[in-house]
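Visitor: Here's a structure for you.
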Amino acid sequence: MKPILLVLMGLWLGLSVPAQAAGKWVATPYAPAKVMFEFYLDDPQKIGSALYWVRSLMNPLQAAPYSYSPEDLSIVVVIHGTEIVTVAKKNEEKYQEAVERMRYYADLGVSFKVCGQAAEDFGYAVEDFQDFVEVVPNAMTELAHWQQQGYALIIPQIMSKTIDIESIR
């Protein structure tokens, strides 16, 4: 009798356990972005990865259900690390892909600002930079200024990938 009772109890418990719920898609009601990106990279080659952060903000906001136009978005990129060399005209050939991407974003209304103090440290003058670049007095004061204007601050974290996705999935 006990084995039958155990089987029946096991079936009852098995049937009473709800199926595991699945995730659900939520379309957060995003407003047009007012965002400032701080680029302070330890390697100029990381500029490509940092620019993907800009793309990752813009693309969803321009797609349905939001469908904002680039003019609806207000995006500022403040550059003050080693990546400053990527916007120097003399390095255009070396960083051509990044320059083309930044020029594309600038044409969509993204503002690229270079720290004047960092420029001086690198030996650059205003005329040494690409035409889509604005040189500002200082990165820290620029960051504070835009935050006081209500801009959200995003600091891209660019890491070296050492593990492939398939092995940890």
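Scheme for the structure tokens: letters A, B, ... for chains in order shown; per-chain residue numbers from 1; ligand numbers from 1 in order shown.
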I'd like the neighbourhood of A:Glu120 as a list in words, where a residue qualifies if any of its atoms comes within 12 Å (using only C-alpha atoms), though same-chain residues fewer than 4 positions away should be ignored.

Guide: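 Final neighbour list, sorted by chain and number: His80, Ile84, Val85, Val114, Cys115, Gly116, Tyr124, Ala125, Val126, Asp128, Val135, Val136, Pro137 and Asn138 of chain A.
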
Visitor: If you run DSSP on the backbone here, which positions in chain A get strand (DSSP E or B)? Please write them as a PyMOL selection string.

Guide: chain A and resi 34-39+74-79+88+111-115+129+133-136+152-154

Visitor: Neighbouring residues of stretch 149-159 of chain A were defined as those with any atom within 6 Å, considering only C-alpha atoms; residues of the same chain fewer than 5 positions away were excluded. Please report them as a list in words.

Guide: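 Answer for this query is Lys34, Val35, Met36, Phe37, Glu38 and Ala50 of chain A.
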
Visitor: Next, write the just-selected residues to a file, as a CSV table (one decimal), in the first residue's frame, keeping N, CA and C atoms as the atom set.

Guide:
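Writing done, so here's result-v3.csv:
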```
chain,number,residue,atom,x,y,z
A,34,LYS,N,19.0,62.3,-24.0
A,34,LYS,CA,19.9,63.4,-23.8
A,34,LYS,C,21.1,62.8,-23.0
A,35,VAL,N,22.1,62.4,-23.8
A,35,VAL,CA,23.2,61.5,-23.3
A,35,VAL,C,24.5,62.1,-23.6
A,36,MET,N,25.4,61.9,-22.7
A,36,MET,CA,26.8,62.3,-22.9
A,36,MET,C,27.7,61.0,-22.7
A,37,PHE,N,28.5,60.7,-23.6
A,37,PHE,CA,29.5,59.6,-23.5
A,37,PHE,C,30.8,60.2,-23.1
A,38,GLU,N,31.4,59.6,-22.1
A,38,GLU,CA,32.8,59.9,-21.8
A,38,GLU,C,33.7,58.9,-22.3
A,50,ALA,N,34.1,51.5,-28.4
A,50,ALA,CA,33.4,52.6,-27.7
A,50,ALA,C,32.3,53.2,-28.6
```

Visitor: What lies within 10 Å of A:Leu108 using only C-alpha atoms, ignoring chain neighbours under 2 positions off, as a list in words?

Guide: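 Non-adjacent residues within range: Ser69, Pro70, Glu71, Leu73, Ser74, Ile75, Met102, Arg103, Tyr104, Tyr105, Ala106, Val110 and Ser111 of chain A.
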
Visitor: Please save all heavy atoms of the selected residues as a CSV table (one decimal), in the first residue's frame.

Guide:
```csv
chain,number,residue,atom,x,y,z
A,69,SER,N,13.7,60.4,-34.7
A,69,SER,CA,14.6,60.8,-35.8
A,69,SER,C,15.9,61.2,-35.1
A,69,SER,O,15.9,61.5,-33.9
A,69,SER,CB,14.1,61.9,-36.6
A,69,SER,OG,14.0,63.1,-35.9
A,70,PRO,N,17.0,61.2,-35.8
A,70,PRO,CA,18.3,61.7,-35.2
A,70,PRO,C,18.2,63.1,-34.6
A,70,PRO,O,18.8,63.4,-33.6
A,70,PRO,CB,19.3,61.7,-36.4
A,70,PRO,CG,18.7,60.6,-37.3
A,70,PRO,CD,17.2,60.8,-37.2
A,71,GLU,N,17.3,63.9,-35.2
A,71,GLU,CA,17.2,65.3,-34.7
A,71,GLU,C,16.5,65.3,-33.3
A,71,GLU,O,16.6,66.3,-32.5
A,71,GLU,CB,16.3,66.1,-35.6
A,71,GLU,CG,17.0,66.4,-37.0
A,71,GLU,CD,16.8,65.2,-38.0
A,71,GLU,OE1,15.9,64.4,-37.8
A,71,GLU,OE2,17.7,65.1,-38.9
A,73,LEU,N,17.3,63.3,-30.9
A,73,LEU,CA,18.3,62.8,-29.9
A,73,LEU,C,19.3,63.9,-29.7
A,73,LEU,O,19.7,64.6,-30.7
A,73,LEU,CB,18.9,61.5,-30.4
A,73,LEU,CG,18.0,60.4,-30.9
A,73,LEU,CD1,18.8,59.2,-31.4
A,73,LEU,CD2,17.1,60.0,-29.8
A,74,SER,N,19.8,64.0,-28.5
A,74,SER,CA,20.9,64.9,-28.2
A,74,SER,C,22.0,64.2,-27.6
A,74,SER,O,21.9,63.7,-26.4
A,74,SER,CB,20.4,66.0,-27.3
A,74,SER,OG,21.3,67.0,-27.1
A,75,ILE,N,23.1,63.9,-28.3
A,75,ILE,CA,24.2,63.1,-27.9
A,75,ILE,C,25.5,63.8,-28.0
A,75,ILE,O,25.8,64.4,-29.1
A,75,ILE,CB,24.2,61.8,-28.7
A,75,ILE,CG1,22.9,61.0,-28.6
A,75,ILE,CG2,25.4,60.9,-28.3
A,75,ILE,CD1,22.7,59.9,-29.5
A,102,MET,N,32.7,58.1,-36.9
A,102,MET,CA,32.4,59.3,-36.2
A,102,MET,C,31.8,60.4,-37.1
A,102,MET,O,30.9,61.1,-36.6
A,102,MET,CB,33.7,59.8,-35.5
A,102,MET,CG,34.1,59.0,-34.3
A,102,MET,SD,35.5,59.6,-33.4
A,102,MET,CE,36.8,58.8,-34.3
A,103,ARG,N,32.3,60.5,-38.3
A,103,ARG,CA,31.8,61.5,-39.2
A,103,ARG,C,30.3,61.2,-39.5
A,103,ARG,O,29.5,62.1,-39.6
A,103,ARG,CB,32.6,61.5,-40.5
A,103,ARG,CG,32.2,62.7,-41.4
A,103,ARG,CD,33.1,62.8,-42.7
A,103,ARG,NE,34.5,62.9,-42.3
A,103,ARG,CZ,35.1,64.1,-41.9
A,103,ARG,NH1,34.3,65.1,-41.8
A,103,ARG,NH2,36.4,64.1,-41.6
A,104,TYR,N,30.0,59.9,-39.7
A,104,TYR,CA,28.6,59.5,-39.9
A,104,TYR,C,27.7,59.9,-38.7
A,104,TYR,O,26.6,60.5,-38.9
A,104,TYR,CB,28.5,58.0,-40.1
A,104,TYR,CG,27.2,57.4,-40.1
A,104,TYR,CD1,26.3,57.5,-41.2
A,104,TYR,CD2,26.7,56.7,-38.9
A,104,TYR,CE1,25.0,57.0,-41.2
A,104,TYR,CE2,25.4,56.2,-38.9
A,104,TYR,CZ,24.6,56.3,-40.0
A,104,TYR,OH,23.3,55.8,-40.0
A,105,TYR,N,28.2,59.6,-37.5
A,105,TYR,CA,27.4,60.0,-36.3
A,105,TYR,C,27.3,61.6,-36.2
A,105,TYR,O,26.3,62.1,-35.9
A,105,TYR,CB,28.0,59.5,-35.0
A,105,TYR,CG,27.8,58.0,-34.9
A,105,TYR,CD1,28.9,57.1,-34.6
A,105,TYR,CD2,26.6,57.3,-35.2
A,105,TYR,CE1,28.8,55.8,-34.5
A,105,TYR,CE2,26.4,56.0,-35.0
A,105,TYR,CZ,27.5,55.2,-34.7
A,105,TYR,OH,27.4,53.8,-34.6
A,106,ALA,N,28.4,62.2,-36.5
A,106,ALA,CA,28.4,63.7,-36.5
A,106,ALA,C,27.3,64.2,-37.5
A,106,ALA,O,26.6,65.2,-37.2
A,106,ALA,CB,29.8,64.3,-36.8
A,110,VAL,N,25.4,64.0,-33.6
A,110,VAL,CA,26.2,63.7,-32.5
A,110,VAL,C,27.4,64.7,-32.4
A,110,VAL,O,28.0,64.9,-33.4
A,110,VAL,CB,26.8,62.2,-32.5
A,110,VAL,CG1,27.7,62.0,-31.3
A,110,VAL,CG2,25.6,61.2,-32.5
A,111,SER,N,27.6,65.3,-31.2
A,111,SER,CA,28.7,66.3,-31.1
A,111,SER,C,29.9,65.6,-30.5
A,111,SER,O,29.8,64.9,-29.5
A,111,SER,CB,28.3,67.4,-30.1
A,111,SER,OG,27.2,68.1,-30.6
```

Visitor: If you count only C-alpha atoms, which residues fall within 12 Å of A:Gln62, apart from same-chain ones fewer than 4 positions away, as a PyMOL selection string?

Guide: chain A and resi 30-33+55-58+66-73+108

Visitor: Go ahead and write the selection's residues with C-alpha atoms as a compact mmCIF listing (two decimals), in the first residue's frame.

Guide:
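Once written, out02.txt looks like this:
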```txt
# COMPACT_ATOMS: atom_id res chain seq x y z
CA TYR A 30 11.76 55.76 -23.68
CA ALA A 31 11.91 59.51 -24.22
CA PRO A 32 14.31 61.09 -26.71
CA ALA A 33 17.84 60.70 -25.37
CA ARG A 55 25.21 52.90 -31.92
CA SER A 56 23.62 50.79 -29.18
CA LEU A 57 21.87 53.87 -27.85
CA MET A 58 20.79 55.31 -31.19
CA TYR A 66 10.02 54.61 -30.75
CA SER A 67 10.91 55.79 -34.24
CA TYR A 68 12.75 58.90 -33.10
CA SER A 69 14.63 60.77 -35.77
CA PRO A 70 18.29 61.68 -35.20
CA GLU A 71 17.15 65.27 -34.68
CA ASP A 72 15.14 64.12 -31.63
CA LEU A 73 18.28 62.79 -29.94
CA LEU A 108 23.34 62.60 -37.60
```

Visitor: Would you please give, as a ChimeraX atom specification, all residues of stretch 33-163 of chain A that DSSP assigns to alpha helix (DSSP H) based on the backbone?

Guide: /A:47-62,96-107,116-121,139-148

Visitor: So, with only C-alpha atoms as the atoms that count, which of A:Thr86, A:Gly48, A:Glu97, A:Pro29 lies closest to A:Pro65?

Guide: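 Ranking A:Thr86, A:Gly48, A:Glu97, A:Pro29 by distance to A:Pro65, first place goes to A:Pro29.
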
Visitor: Could you list, as a PyMOL selection string, every residue within 7 Å of A:Phe129, counting only C-alpha atoms and ignoring same-chain residues fewer than 2 positions away?

Guide: chain A and resi 87-89+126-127+131+133

Visitor: Generate a file of the selected residues that holds N, CA and C atoms, formatted as a short mmCIF file (atom, residue, chain, number, x, y, z; two decimals), in the first residue's frame.

Guide:
```cif
data_model
loop_
_atom_site.label_atom_id
_atom_site.label_comp_id
_atom_site.auth_asym_id
_atom_site.auth_seq_id
_atom_site.Cartn_x
_atom_site.Cartn_y
_atom_site.Cartn_z
N VAL A 87 41.19 61.25 -33.81
CA VAL A 87 40.53 62.38 -34.47
C VAL A 87 41.52 63.44 -34.94
N ALA A 88 42.80 63.14 -34.83
CA ALA A 88 43.83 64.03 -35.38
C ALA A 88 43.92 63.77 -36.88
N LYS A 89 43.89 64.83 -37.67
CA LYS A 89 43.90 64.69 -39.13
C LYS A 89 45.09 63.88 -39.63
N VAL A 126 44.01 73.17 -32.27
CA VAL A 126 42.63 73.04 -32.77
C VAL A 126 42.62 72.63 -34.24
N GLU A 127 43.48 73.22 -35.03
CA GLU A 127 43.49 72.95 -36.48
C GLU A 127 44.00 71.54 -36.82
N ASP A 131 37.24 68.03 -38.99
CA ASP A 131 36.31 69.17 -39.00
C ASP A 131 35.04 68.95 -38.19
N VAL A 133 35.06 67.89 -35.12
CA VAL A 133 35.50 67.93 -33.72
C VAL A 133 35.46 69.36 -33.20
#
```
